[in-house]
Amino acid sequence: MAFLICGPKVATCGIVISIWGVIMLAMLGIFFRTHSAVLIEDVRVTEADMHGDQNPPQTVYGLYNQVGYNCFIAAGIYVLVGAFSFCQIKLNNRKEYLVH
């Protein structure tokens, strides 16, 4: 029982938020990896990236890929938070059946 940190409602909220975060960030990661033009405002492109390079599209594509990797890493963190919340729900369920 030492690892029981949060109650059942907070753990359920953590699972719901984790599921939403994984879905949203995985989709964003996929769209960034496919170089979606709609997401150009979310990529940090500077003037030096556009004019100081021999091949500006490849530089911008590299920035898109970096943001996509960041989205996948954040989705992985959400998976860990969801697993933690799931363990908390299981510990809370086990606590209900114990006789004091």
# chains A, B, ... in the order shown; residues from 1 in each chain; ligands from 1
call {"tool": "residues_around", "arguments": {"residues": "segment 54-69 of chain A", "least_positions_apart": "3", "cutoff": "9 Å", "atoms": "only C-alpha atoms", "output": "JSON, numbers by chain"}}
result
{"A": [25, 26, 28, 29, 30, 31, 32, 33, 34, 35, 36, 39, 40, 42, 43, 44, 45, 49, 50, 51, 72, 73, 74]}
call {"tool": "residues_around", "arguments": {"residues": "Leu80 of chain A", "least_positions_apart": "2", "cutoff": "12 Å", "atoms": "only C-alpha atoms", "output": "VMD selection string"}}
result
chain A and resid 14 to 15 17 to 19 21 to 22 73 to 78 82 to 87
call {"tool": "residues_around", "arguments": {"residues": "Leu4 of chain A", "least_positions_apart": "2", "cutoff": "10 Å", "atoms": "only C-alpha atoms", "output": "list in words"}}
result
Met1, Ala2, Cys6, Gly7, Cys87, Gln88, Ile89, Lys90, Leu91, Asn92 and Lys95 of chain A
call {"tool": "atom_distance", "arguments": {"atom1": "atom CA of Val81 of chain A", "atom2": "atom CA of Val16 of chain A"}}
result
10.5 Å
call {"tool": "select_by_dssp", "arguments": {"residues": "chain A", "states": "helix (DSSP H, G or I)", "output": "ChimeraX atom specification"}}
result
/A:8-33,37-42,47-51,56-96
call {"tool": "closest_residue", "arguments": {"among": "A:Asp53, A:Phe3, A:Cys71, A:Pro8", "to": "Asn93 of chain A", "atoms": "only C-alpha atoms"}}
result
A:Pro8
